[in-house]
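> Here you go, model.cif (mmCIF, C-alpha atoms and all ligand atoms):
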data_model
loop_
_atom_site.label_atom_id
_atom_site.label_comp_id
_atom_site.auth_asym_id
_atom_site.auth_seq_id
_atom_site.Cartn_x
_atom_site.Cartn_y
_atom_site.Cartn_z
CA MET A 234 8.22 -73.15 100.34
CA PRO A 235 10.67 -74.88 102.82
CA PRO A 236 11.02 -73.08 106.20
CA THR A 237 14.58 -71.91 105.50
CA HIS A 238 13.52 -70.40 102.21
CA ARG A 239 10.51 -68.82 103.90
CA ARG A 240 12.81 -67.24 106.49
CA LEU A 241 15.10 -66.00 103.76
CA ALA A 242 12.15 -64.59 101.84
CA SER A 243 10.79 -62.78 104.89
CA ALA A 244 14.27 -61.47 105.70
CA LEU A 245 14.56 -60.18 102.15
CA LEU A 246 11.10 -58.65 102.39
CA ALA A 247 12.03 -56.94 105.68
CA PHE A 248 15.22 -55.64 104.07
CA ALA A 249 13.30 -54.40 101.06
CA LEU A 250 10.78 -52.63 103.32
CA LEU A 251 13.59 -51.04 105.30
CA ALA A 252 15.50 -50.07 102.19
CA SER A 253 12.54 -48.87 100.19
CA PRO A 254 12.04 -45.39 101.71
CA ALA A 255 15.68 -44.57 101.03
CA ALA A 256 15.49 -46.15 97.60
CA VAL A 257 12.38 -44.14 96.77
CA LEU A 258 14.03 -40.99 98.07
CA LEU A 259 17.11 -41.64 95.92
CA ALA A 260 14.94 -42.31 92.90
CA GLU A 261 13.04 -39.08 93.53
CA ARG A 262 16.26 -37.15 93.88
CA GLY A 263 17.52 -38.70 90.66
CA ALA A 264 14.33 -37.73 88.86
CA ALA A 265 14.45 -34.21 90.27
CA SER A 266 18.04 -33.68 89.18
CA ALA A 267 17.20 -35.10 85.75
CA VAL A 268 14.44 -32.48 85.46
CA ARG A 269 16.78 -29.80 86.79
CA SER A 270 19.46 -30.54 84.26
CA ARG A 271 16.93 -30.74 81.42
CA ARG A 272 15.83 -27.11 81.51
CA THR A 273 18.00 -23.99 81.63
CA VAL A 274 17.21 -20.29 81.48
CA ALA A 275 19.24 -17.09 81.28
CA VAL A 276 17.64 -14.05 82.90
CA THR A 277 17.90 -10.57 81.38
CA VAL A 278 16.53 -7.33 82.82
CA ASP A 279 15.88 -4.22 80.70
CA ASP A 280 15.52 -0.48 81.24
CA LEU A 281 18.05 0.22 83.98
CA PRO A 282 18.40 2.11 86.16
CA PHE A 283 14.64 1.64 86.76
CA VAL A 284 11.18 2.16 85.26
CA ALA A 285 9.97 4.40 88.05
CA TYR A 286 6.39 5.35 86.98
CA GLY A 287 6.89 8.64 88.81
CA LEU A 288 8.34 7.21 92.04
CA PRO A 289 11.02 9.34 93.71
CA LEU A 290 14.64 8.16 93.72
CA GLU A 291 14.46 7.21 97.40
CA ALA A 292 11.72 4.66 96.66
CA VAL A 293 13.43 3.50 93.47
CA ARG A 294 16.68 2.80 95.32
CA LYS A 295 14.93 0.48 97.77
CA LEU A 296 13.06 -1.36 95.00
CA SER A 297 16.16 -1.70 92.82
CA ARG A 298 18.04 -3.24 95.76
CA GLU A 299 15.21 -5.71 96.36
CA LEU A 300 15.26 -6.75 92.71
CA VAL A 301 19.04 -7.25 92.68
CA ALA A 302 18.94 -9.07 96.03
CA SER A 303 16.30 -11.54 94.87
CA LEU A 304 18.38 -12.42 91.80
CA ALA A 305 21.58 -12.66 93.85
CA ALA A 306 19.87 -14.85 96.48
CA ARG A 307 19.38 -17.55 93.83
CA LYS A 308 22.77 -16.87 92.20
CA VAL A 309 21.10 -15.84 88.95
CA PRO A 310 23.84 -14.53 86.62
CA ALA A 311 21.63 -11.92 84.96
CA VAL A 312 22.56 -9.42 82.27
CA ALA A 313 20.88 -6.04 82.76
CA PHE A 314 20.51 -3.40 80.04
CA VAL A 315 21.04 0.30 80.63
CA ASN A 316 19.40 3.40 79.15
CA GLU A 317 22.05 5.96 80.05
CA ASP A 318 19.74 8.92 79.34
CA ARG A 319 17.88 7.90 82.50
CA LEU A 320 21.03 8.50 84.57
CA PHE A 321 21.07 12.19 83.81
CA VAL A 322 18.51 13.58 86.20
CA ARG A 323 19.64 16.85 87.80
CA GLY A 324 20.98 16.30 91.31
CA GLU A 325 20.64 12.49 91.08
CA VAL A 326 23.33 11.47 88.60
CA ASP A 327 25.75 9.94 91.14
CA GLU A 328 22.98 8.07 92.94
CA ARG A 329 21.62 6.72 89.68
CA ILE A 330 25.05 5.51 88.59
CA ALA A 331 25.39 3.93 92.05
CA LEU A 332 22.28 1.86 91.26
CA LEU A 333 24.14 0.38 88.28
CA THR A 334 27.21 -0.45 90.35
CA GLU A 335 24.99 -2.38 92.76
CA TRP A 336 24.11 -4.76 89.92
CA LEU A 337 27.81 -5.26 89.18
CA ASP A 338 28.65 -5.71 92.87
CA ALA A 339 26.05 -8.50 93.02
CA GLY A 340 27.79 -10.33 90.16
CA MET A 341 25.51 -9.28 87.30
CA GLU A 342 26.66 -8.00 83.93
CA LEU A 343 25.55 -4.77 82.24
CA GLY A 344 24.72 -4.16 78.59
CA ASN A 345 23.72 -1.26 76.33
CA HIS A 346 20.01 -0.58 75.66
CA THR A 347 20.68 2.79 73.87
CA PHE A 348 20.57 6.39 75.00
CA GLY A 349 16.91 7.36 74.82
CA HIS A 350 15.35 3.88 74.42
CA VAL A 351 14.82 4.51 70.71
CA GLY A 352 12.75 2.04 68.73
CA PHE A 353 14.35 1.06 65.42
CA THR A 354 10.97 0.90 63.63
CA ALA A 355 10.59 4.69 63.81
CA THR A 356 14.28 5.69 63.98
CA PRO A 357 16.60 6.10 61.00
CA LEU A 358 19.78 4.01 61.01
CA PRO A 359 22.24 6.90 61.67
CA LYS A 360 20.24 7.89 64.78
CA MET A 361 20.23 4.28 65.99
CA LYS A 362 24.01 4.22 65.71
CA ASP A 363 24.29 7.52 67.61
CA ALA A 364 22.04 6.13 70.38
CA VAL A 365 24.37 3.15 70.76
CA VAL A 366 27.52 5.26 70.96
CA GLN A 367 25.99 7.84 73.29
CA GLY A 368 24.50 5.09 75.45
CA GLU A 369 27.73 3.27 76.27
CA VAL A 370 29.88 5.91 77.96
CA VAL A 371 29.11 5.35 81.66
CA THR A 372 28.46 1.61 81.40
CA ARG A 373 31.71 0.98 79.53
CA GLY A 374 33.59 2.87 82.25
CA LEU A 375 31.93 0.95 85.09
CA LEU A 376 32.77 -2.37 83.44
CA ALA A 377 36.34 -1.31 82.59
CA ARG A 378 36.99 -0.49 86.25
CA ARG A 379 36.25 -4.15 86.96
CA GLY A 380 38.39 -5.38 84.08
CA LYS A 381 35.31 -6.22 82.03
CA THR A 382 34.28 -5.33 78.50
CA LEU A 383 30.92 -3.97 77.36
CA ARG A 384 29.70 -6.62 74.93
CA TRP A 385 25.92 -7.04 75.11
CA PHE A 386 23.36 -5.01 73.21
CA ARG A 387 19.60 -5.24 73.33
CA HIS A 388 17.38 -3.36 70.87
CA PRO A 389 14.71 -1.21 72.62
CA PHE A 390 11.31 -2.88 72.18
CA THR A 391 13.46 -5.63 70.57
CA GLN A 392 12.74 -3.90 67.26
CA THR A 393 15.59 -5.20 65.13
CA GLY A 394 14.89 -3.19 61.97
CA PRO A 395 11.99 -2.39 59.67
CA THR A 396 13.79 -3.57 56.50
CA LYS A 397 16.33 -6.29 55.81
CA GLU A 398 18.85 -3.68 54.64
CA ALA A 399 18.54 -1.57 57.82
CA LYS A 400 18.62 -4.66 60.02
CA ASP A 401 21.74 -6.10 58.37
CA ALA A 402 23.53 -2.74 58.35
CA PHE A 403 22.83 -2.15 62.05
CA GLU A 404 23.91 -5.66 63.02
CA THR A 405 27.17 -5.20 61.10
CA PHE A 406 27.71 -1.90 62.95
CA LEU A 407 27.01 -3.57 66.33
CA ALA A 408 29.40 -6.45 65.60
CA GLU A 409 32.16 -4.06 64.50
CA ARG A 410 31.72 -2.17 67.76
CA GLY A 411 32.19 -5.39 69.71
CA TYR A 412 28.55 -6.05 70.58
CA THR A 413 26.63 -9.29 70.63
CA VAL A 414 22.86 -8.90 70.28
CA ALA A 415 21.01 -10.32 73.29
CA PRO A 416 17.97 -12.18 71.99
CA PHE A 417 15.14 -13.53 74.16
CA SER A 418 12.65 -16.36 74.00
CA ILE A 419 10.33 -15.73 76.98
CA GLU A 420 8.58 -12.45 77.65
CA HIS A 421 5.31 -11.94 79.46
CA GLU A 422 4.16 -8.35 78.93
CA ASP A 423 5.54 -7.50 82.35
CA TRP A 424 5.40 -3.79 81.42
CA VAL A 425 1.61 -4.02 81.10
CA PHE A 426 1.26 -5.66 84.54
CA ALA A 427 3.84 -3.24 86.03
CA SER A 428 1.97 -0.22 84.70
CA ALA A 429 -1.31 -1.57 86.13
CA ASP A 430 0.47 -2.25 89.44
CA ALA A 431 1.82 1.33 89.50
CA LYS A 432 -1.74 2.65 89.16
CA LEU A 433 -2.99 0.44 92.01
CA ALA A 434 0.00 1.41 94.16
CA ALA A 435 -0.69 5.13 93.58
CA GLU A 436 -4.29 4.49 94.69
CA ARG A 437 -3.00 2.51 97.72
CA ASP A 438 -5.16 -0.43 96.62
CA GLU A 439 -3.18 -3.22 98.31
CA ALA A 440 -5.93 -5.83 97.83
CA GLY A 441 -5.91 -4.97 94.12
CA ARG A 442 -2.13 -5.33 94.01
CA THR A 443 -2.31 -8.77 95.60
CA ARG A 444 -4.90 -9.85 93.03
CA LEU A 445 -2.71 -8.43 90.27
CA LEU A 446 0.37 -10.29 91.54
CA GLU A 447 -1.57 -13.56 91.45
CA ALA A 448 -2.74 -12.88 87.89
CA TYR A 449 0.81 -11.94 86.92
CA LEU A 450 2.30 -15.20 88.22
CA GLU A 451 -0.42 -17.26 86.59
CA ASN A 452 0.13 -15.51 83.26
CA PHE A 453 3.89 -16.00 83.61
CA GLU A 454 3.45 -19.78 83.97
CA ALA A 455 1.17 -19.87 80.93
CA ARG A 456 3.71 -17.93 78.89
CA VAL A 457 6.64 -20.10 79.95
CA ALA A 458 4.63 -23.22 79.05
CA PHE A 459 3.80 -21.63 75.68
CA TYR A 460 7.46 -20.99 74.86
CA GLU A 461 8.45 -24.46 76.05
CA GLU A 462 5.90 -25.86 73.62
CA ARG A 463 7.16 -23.55 70.83
CA SER A 464 10.68 -24.77 71.49
CA ARG A 465 9.64 -28.43 71.26
CA ALA A 466 7.66 -27.73 68.07
CA LEU A 467 10.66 -26.05 66.43
CA PHE A 468 13.59 -28.10 67.67
CA GLY A 469 12.05 -31.33 68.98
CA ARG A 470 13.43 -30.42 72.42
CA GLU A 471 13.53 -27.56 74.86
CA ILE A 472 16.43 -25.25 74.08
CA PRO A 473 17.96 -23.01 76.77
CA GLN A 474 15.42 -20.23 77.30
CA ILE A 475 16.24 -16.53 77.63
CA HIS A 476 13.86 -14.58 79.84
CA LEU A 477 13.25 -10.85 79.37
CA ALA A 478 11.95 -8.78 82.27
CA HIS A 479 12.11 -5.10 83.20
CA ALA A 480 13.48 -3.26 86.23
CA ASN A 481 10.25 -2.05 87.83
CA ALA A 482 8.40 -2.11 91.14
CA LEU A 483 6.27 -5.11 90.21
CA ASN A 484 9.32 -7.25 89.49
CA ALA A 485 11.03 -6.01 92.65
CA ARG A 486 8.10 -7.63 94.42
CA ALA A 487 7.49 -10.59 92.10
CA MET A 488 11.00 -11.73 91.18
CA PRO A 489 11.38 -14.23 94.07
CA TYR A 490 8.11 -15.86 92.97
CA LEU A 491 9.00 -15.80 89.27
CA LEU A 492 12.34 -17.46 90.00
CA GLU A 493 10.69 -19.96 92.34
CA ARG A 494 8.21 -20.93 89.62
CA LEU A 495 11.03 -21.40 87.13
CA GLU A 496 12.87 -23.61 89.62
CA ARG A 497 9.70 -25.63 90.21
CA ARG A 498 9.48 -26.22 86.46
CA GLY A 499 12.98 -27.68 86.67
CA TYR A 500 15.01 -24.72 85.43
CA ALA A 501 18.61 -24.04 86.37
CA PHE A 502 19.86 -20.47 85.91
CA VAL A 503 22.71 -20.08 83.43
CA THR A 504 24.61 -17.16 81.91
CA LEU A 505 23.57 -15.64 78.61
CA ASP A 506 26.80 -17.02 77.12
CA GLU A 507 25.87 -20.53 78.26
CA ALA A 508 22.36 -20.28 76.82
CA LEU A 509 23.59 -18.94 73.48
CA ALA A 510 26.21 -21.71 73.21
CA ASP A 511 23.37 -24.05 72.26
CA PRO A 512 23.44 -24.50 68.45
CA ALA A 513 19.68 -23.77 68.26
CA TRP A 514 20.47 -20.12 69.00
CA LYS A 515 22.54 -19.99 65.79
CA SER A 516 19.35 -20.56 63.77
CA PRO A 517 18.48 -17.83 61.26
CA ASP A 518 16.28 -14.95 62.44
CA GLY A 519 13.70 -14.70 59.66
CA TYR A 520 11.70 -11.79 61.04
CA VAL A 521 11.78 -8.34 59.44
CA GLY A 522 9.07 -5.91 60.53
CA LYS A 523 7.89 -3.32 62.99
CA TRP A 524 7.33 -5.52 66.05
CA GLY A 525 9.83 -7.17 68.41
CA PRO A 526 8.80 -10.82 68.67
CA SER A 527 10.46 -13.68 70.56
CA TRP A 528 13.34 -15.32 68.76
CA LEU A 529 11.31 -18.53 68.76
CA HIS A 530 8.91 -16.66 66.45
CA ARG A 531 11.84 -15.42 64.38
CA PHE A 532 13.23 -18.94 63.97
CA ALA A 533 9.75 -20.06 62.90
CA ALA A 534 9.54 -17.18 60.41
CA ALA A 535 12.83 -18.31 58.85
CA ARG A 536 11.16 -21.68 58.26
CA GLY A 537 8.22 -20.01 56.53
CA GLU A 538 5.76 -20.14 59.44
CA ASP A 539 3.13 -17.44 59.99
CA VAL A 540 4.42 -15.21 62.80
CA ARG A 541 1.10 -13.34 63.10
CA ALA A 542 -0.66 -16.62 63.87
CA LEU A 543 1.99 -17.39 66.51
CA PHE A 544 1.41 -13.98 68.11
CA ARG A 545 -2.29 -14.74 68.34
CA ALA A 546 -1.60 -18.00 70.18
CA GLU A 547 0.44 -16.26 72.91
CA PRO A 548 -1.32 -16.04 76.28
CA GLU A 549 -2.23 -12.39 76.88
CA ALA A 550 -2.57 -10.22 79.96
CA PRO A 551 -6.17 -10.34 81.31
CA THR A 552 -8.44 -7.55 80.04
CA TRP A 553 -8.83 -5.93 83.48
CA VAL A 554 -5.03 -5.63 83.75
CA ALA A 555 -4.72 -4.14 80.26
CA GLN A 556 -7.49 -1.65 81.15
CA LEU A 557 -5.64 -0.52 84.29
CA ASP A 558 -2.51 0.01 82.19
CA GLU A 559 -4.45 2.04 79.63
CA ALA A 560 -6.07 4.16 82.36
CA ARG A 561 -2.69 4.91 83.95
CA ARG A 562 -1.17 5.91 80.61
CA ALA A 563 -4.15 8.08 79.74
CA ALA A 564 -3.79 9.93 83.05
CA ALA A 565 -0.01 10.37 82.71
CA PRO A 566 0.83 10.49 79.00
CA ALA A 567 4.34 11.79 79.64
CA ALA A 568 5.30 8.91 81.96
CA PRO A 569 7.20 5.89 80.56
ZN ZN A 601 13.49 -1.52 77.02
#
How would this structure read if it were set down as structure tokens?
Ligand SMILES: [Zn+2]


Amino acid sequence: MPPTHRRLASALLAFALLASPAAVLLAERGAASAVRSRRTVAVTVDDLPFVAYGLPLEAVRKLSRELVASLAARKVPAVAFVNEDRLFVRGEVDERIALLTEWLDAGMELGNHTFGHVGFTATPLPKMKDAVVQGEVVTRGLLARRGKTLRWFRHPFTQTGPTKEAKDAFETFLAERGYTVAPFSIEHEDWVFASADAKLAAERDEAGRTRLLEAYLENFEARVAFYEERSRALFGREIPQIHLAHANALNARAMPYLLERLERRGYAFVTLDEALADPAWKSPDGYVGKWGPSWLHRFAAARGEDVRALFRAEPEAPTWVAQLDEARRAAAPAAP
């Protein structure tokens, strides 16, 4: 190589070395934003005002605020579903309604989850309709004061009807009343972990609670990965996911970590409207039965797949967590 060319080559090399860290950084940023834009999730929270497991209102208020704050901190536009029967506790009605307004003040939306949290599998259709009508009074008023309309409904236990006739009739009723059913794709038995956590908290077993939180987060990741895989198997891509969690003490503690893990997997948080705008969510729901499976299972059922087999493949809560939940329920059968 002639000297001038050699100088040019070394100058180019020096330039490339200087430029490369920035170039690598830009490439990394590009890749990260590509991942970010690839996955989206809408977050939904059930059983407002709160699943208290016997905690007094004072404690519930603090936990509810923590839960709302952790969603608001990441600008998660969540929809939260109310059981209005749980507002009517003597001497606490105003404070309990105030818990709902805090969700609205933080930019979240509220939906109807029935009066009494009645499961459709064991409830006749006329009683289901009554539970919807009775369960919308306060929430509708709170939304109206903000110029908003009550439009979301979630079935308790996501039981959508034991027969096709009952299911169709109830869905027609909901639509006529202005409701859109809020489906979900990701759930992770958070009520089992939360119940176990409530038992450990009552026993002041903080080391146990830390171990439980770790198991909870690990199980959450496994579940999210499972539903991502289900989505790819069904649609050849990952559709916008819809996450279902409950308002409880465990999630008041865990929500920042759950959201962080979703972000690390490349998720951006979107509204329920935005998630449902994806044509995949218009797929037929082929499930009729007593359980309340993920809509990814329901879409598979419509294609003739075996939903029971899909249930079996879902990552479950560890046995020791399930045992804590069972022990707590056995000791307090009247608690939620
Ligand atoms: Zn519920």

> Here is a test: counting all atoms listed in the file, which residue of A:Arg456, A:His479, A:Lys295, A:Arg384 is nearest to ligand ZN 601 (chain A)?

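Counting all atoms listed in the file, the residue closest to ligand ZN 601 (chain A) is A:His479.
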
> As a list in words, please: every protein or nucleic acid residue near ligand ZN 601 (chain A) (cut-off 8 Å, counting all atoms listed in the file).

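The distance check yields Asp279, Asp280, Phe314, Asn316, His346, His350, His388, Pro389, Phe390, Thr391 and His479 of chain A.
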
> Atom CA of Arg298 of chain A and atom CA of Leu332 of chain A are how many Å apart?

8.0 Å

> Choose the residue, out of A:Ala427, A:Ala402, A:Leu492, A:Ile419, that has the smallest atom-to-atom separation from Leu304 of chain A; count all atoms listed in the file.

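Nearest candidate to Leu304 of chain A out of A:Ala427, A:Ala402, A:Leu492, A:Ile419: A:Leu492.
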
> What does the distance from atom CA of Leu509 of chain A to atom CA of Gly340 of chain A come to in Å, to one decimal?

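These atoms are spaced 19.2 Å apart.
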
> Between A:Arg437, A:Arg387, A:Lys523, A:Arg319, which residue has the minimum interatomic distance to Gly344 of chain A, considering only C-alpha atoms?

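Checking each candidate against Gly344 of chain A, we get A:Arg387 as the closest.
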
> Counting all atoms listed in the file, what is within 8 Å of Tyr520 of chain A, bar same-chain residues fewer than 6 positions away, as number ranges by chain?

A: 530-532, 534-535

> Excluding Phe348 of chain A and residues on its chain fewer than 6 positions from it, collect all residues at most 9 Å away from it, counting only C-alpha atoms, and give them as a PyMOL selection string.

chain A and resi 315-319+363-369

> Quick one: everything within 12 Å of Ala458 of chain A, counting only C-alpha atoms, minus sequence neighbours fewer than 3 positions away in the same chain. Send it as a list in words.

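My list of contacting residues is Ser418, Ile419, Glu420, His421, Glu451, Asn452, Phe453, Glu454, Ala455, Glu461, Glu462, Arg463, Ser464, Arg465, Glu471, Gln474, Arg494, Leu495, Arg498, Glu547 and Pro548 of chain A.
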
> Which residue is closest to Ala480 of chain A? Choose from A:Trp336, A:Phe417, A:Phe468, A:Phe502 and count only C-alpha atoms.

A:Trp336

> For segment 464-480 of chain A, what centre and edge lengths in Å (one decimal) does the axis-aligned box get once 8 Å is added on each side of all its listed atoms, as lines of an AutoDock Vina configuration file?


center_x = 12.8
center_y = -17.3
center_z = 76.3
size_x = 26.3
size_y = 44.1
size_z = 35.8

> When you draw a straight line from atom CA of Arg444 of chain A to atom CA of Glu291 of chain A, how long is it in Å?

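Atom-to-atom, atom CA of Arg444 of chain A to atom CA of Glu291 of chain A, that is 26.2 Å.
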
> Measuring between all atoms listed in the file, which one of A:Gln392, A:Arg272, A:Arg294, A:Leu491 shows the shortest distance to Glu447 of chain A?

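Nearest to Glu447 of chain A: A:Leu491.
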
> Where atoms are absent from segment 282-308 of chain A, fill them in so it carries N, CA and C atoms, then output it as a PDB file, keeping the file's coordinate frame.


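Here's the written file rebuild-v4.pdb:
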ATOM      1  N   PRO A 282      18.381   2.560  84.771  1.00  0.00           N
ATOM      2  CA  PRO A 282      18.400   2.110  86.160  1.00  0.00           C
ATOM      3  C   PRO A 282      17.058   1.591  86.693  1.00  0.00           C
ATOM      4  N   PHE A 283      15.905   2.114  86.216  1.00  0.00           N
ATOM      5  CA  PHE A 283      14.640   1.640  86.760  1.00  0.00           C
ATOM      6  C   PHE A 283      13.486   2.297  86.022  1.00  0.00           C
ATOM      7  N   VAL A 284      12.406   1.547  85.798  1.00  0.00           N
ATOM      8  CA  VAL A 284      11.180   2.160  85.260  1.00  0.00           C
ATOM      9  C   VAL A 284      10.367   2.607  86.476  1.00  0.00           C
ATOM     10  N   ALA A 285      10.422   3.912  86.746  1.00  0.00           N
ATOM     11  CA  ALA A 285       9.970   4.400  88.050  1.00  0.00           C
ATOM     12  C   ALA A 285       8.476   4.707  88.133  1.00  0.00           C
ATOM     13  N   TYR A 286       7.811   4.936  86.988  1.00  0.00           N
ATOM     14  CA  TYR A 286       6.390   5.350  86.980  1.00  0.00           C
ATOM     15  C   TYR A 286       6.160   6.486  87.987  1.00  0.00           C
ATOM     16  N   GLY A 287       7.073   7.460  87.981  1.00  0.00           N
ATOM     17  CA  GLY A 287       6.890   8.640  88.810  1.00  0.00           C
ATOM     18  C   GLY A 287       7.346   8.522  90.254  1.00  0.00           C
ATOM     19  N   LEU A 288       7.867   7.364  90.656  1.00  0.00           N
ATOM     20  CA  LEU A 288       8.340   7.210  92.040  1.00  0.00           C
ATOM     21  C   LEU A 288       9.606   8.025  92.256  1.00  0.00           C
ATOM     22  N   PRO A 289       9.782   8.592  93.440  1.00  0.00           N
ATOM     23  CA  PRO A 289      11.020   9.340  93.710  1.00  0.00           C
ATOM     24  C   PRO A 289      12.222   8.388  93.859  1.00  0.00           C
ATOM     25  N   LEU A 290      13.404   8.969  93.701  1.00  0.00           N
ATOM     26  CA  LEU A 290      14.640   8.160  93.720  1.00  0.00           C
ATOM     27  C   LEU A 290      14.770   7.323  94.992  1.00  0.00           C
ATOM     28  N   GLU A 291      14.377   7.909  96.113  1.00  0.00           N
ATOM     29  CA  GLU A 291      14.460   7.210  97.400  1.00  0.00           C
ATOM     30  C   GLU A 291      13.719   5.865  97.345  1.00  0.00           C
ATOM     31  N   ALA A 292      12.522   5.886  96.778  1.00  0.00           N
ATOM     32  CA  ALA A 292      11.720   4.660  96.660  1.00  0.00           C
ATOM     33  C   ALA A 292      12.326   3.721  95.627  1.00  0.00           C
ATOM     34  N   VAL A 293      12.821   4.300  94.539  1.00  0.00           N
ATOM     35  CA  VAL A 293      13.430   3.500  93.470  1.00  0.00           C
ATOM     36  C   VAL A 293      14.652   2.747  93.985  1.00  0.00           C
ATOM     37  N   ARG A 294      15.459   3.420  94.804  1.00  0.00           N
ATOM     38  CA  ARG A 294      16.680   2.800  95.320  1.00  0.00           C
ATOM     39  C   ARG A 294      16.347   1.518  96.101  1.00  0.00           C
ATOM     40  N   LYS A 295      15.334   1.630  96.945  1.00  0.00           N
ATOM     41  CA  LYS A 295      14.930   0.480  97.770  1.00  0.00           C
ATOM     42  C   LYS A 295      14.442  -0.671  96.871  1.00  0.00           C
ATOM     43  N   LEU A 296      13.623  -0.334  95.890  1.00  0.00           N
ATOM     44  CA  LEU A 296      13.060  -1.360  95.000  1.00  0.00           C
ATOM     45  C   LEU A 296      14.145  -2.010  94.139  1.00  0.00           C
ATOM     46  N   SER A 297      15.063  -1.178  93.641  1.00  0.00           N
ATOM     47  CA  SER A 297      16.160  -1.700  92.820  1.00  0.00           C
ATOM     48  C   SER A 297      16.999  -2.693  93.628  1.00  0.00           C
ATOM     49  N   ARG A 298      17.254  -2.340  94.891  1.00  0.00           N
ATOM     50  CA  ARG A 298      18.040  -3.240  95.760  1.00  0.00           C
ATOM     51  C   ARG A 298      17.313  -4.549  96.002  1.00  0.00           C
ATOM     52  N   GLU A 299      15.992  -4.474  96.154  1.00  0.00           N
ATOM     53  CA  GLU A 299      15.210  -5.710  96.360  1.00  0.00           C
ATOM     54  C   GLU A 299      15.296  -6.604  95.128  1.00  0.00           C
ATOM     55  N   LEU A 300      15.196  -5.978  93.956  1.00  0.00           N
ATOM     56  CA  LEU A 300      15.260  -6.750  92.710  1.00  0.00           C
ATOM     57  C   LEU A 300      16.615  -7.450  92.566  1.00  0.00           C
ATOM     58  N   VAL A 301      17.687  -6.683  92.790  1.00  0.00           N
ATOM     59  CA  VAL A 301      19.040  -7.250  92.680  1.00  0.00           C
ATOM     60  C   VAL A 301      19.229  -8.352  93.721  1.00  0.00           C
ATOM     61  N   ALA A 302      18.751  -8.095  94.942  1.00  0.00           N
ATOM     62  CA  ALA A 302      18.940  -9.070  96.030  1.00  0.00           C
ATOM     63  C   ALA A 302      18.214 -10.381  95.730  1.00  0.00           C
ATOM     64  N   SER A 303      17.031 -10.299  95.123  1.00  0.00           N
ATOM     65  CA  SER A 303      16.300 -11.540  94.870  1.00  0.00           C
ATOM     66  C   SER A 303      16.967 -12.360  93.761  1.00  0.00           C
ATOM     67  N   LEU A 304      17.615 -11.694  92.823  1.00  0.00           N
ATOM     68  CA  LEU A 304      18.380 -12.420  91.800  1.00  0.00           C
ATOM     69  C   LEU A 304      19.646 -13.011  92.420  1.00  0.00           C
ATOM     70  N   ALA A 305      20.325 -12.206  93.225  1.00  0.00           N
ATOM     71  CA  ALA A 305      21.580 -12.660  93.850  1.00  0.00           C
ATOM     72  C   ALA A 305      21.323 -13.823  94.808  1.00  0.00           C
ATOM     73  N   ALA A 306      20.177 -13.800  95.495  1.00  0.00           N
ATOM     74  CA  ALA A 306      19.870 -14.850  96.480  1.00  0.00           C
ATOM     75  C   ALA A 306      19.827 -16.230  95.818  1.00  0.00           C
ATOM     76  N   ARG A 307      19.430 -16.264  94.552  1.00  0.00           N
ATOM     77  CA  ARG A 307      19.380 -17.550  93.830  1.00  0.00           C
ATOM     78  C   ARG A 307      20.574 -17.703  92.892  1.00  0.00           C
ATOM     79  N   LYS A 308      21.561 -16.825  93.036  1.00  0.00           N
ATOM     80  CA  LYS A 308      22.770 -16.870  92.200  1.00  0.00           C
ATOM     81  C   LYS A 308      22.427 -16.835  90.709  1.00  0.00           C
TER      82      LYS A 308
END
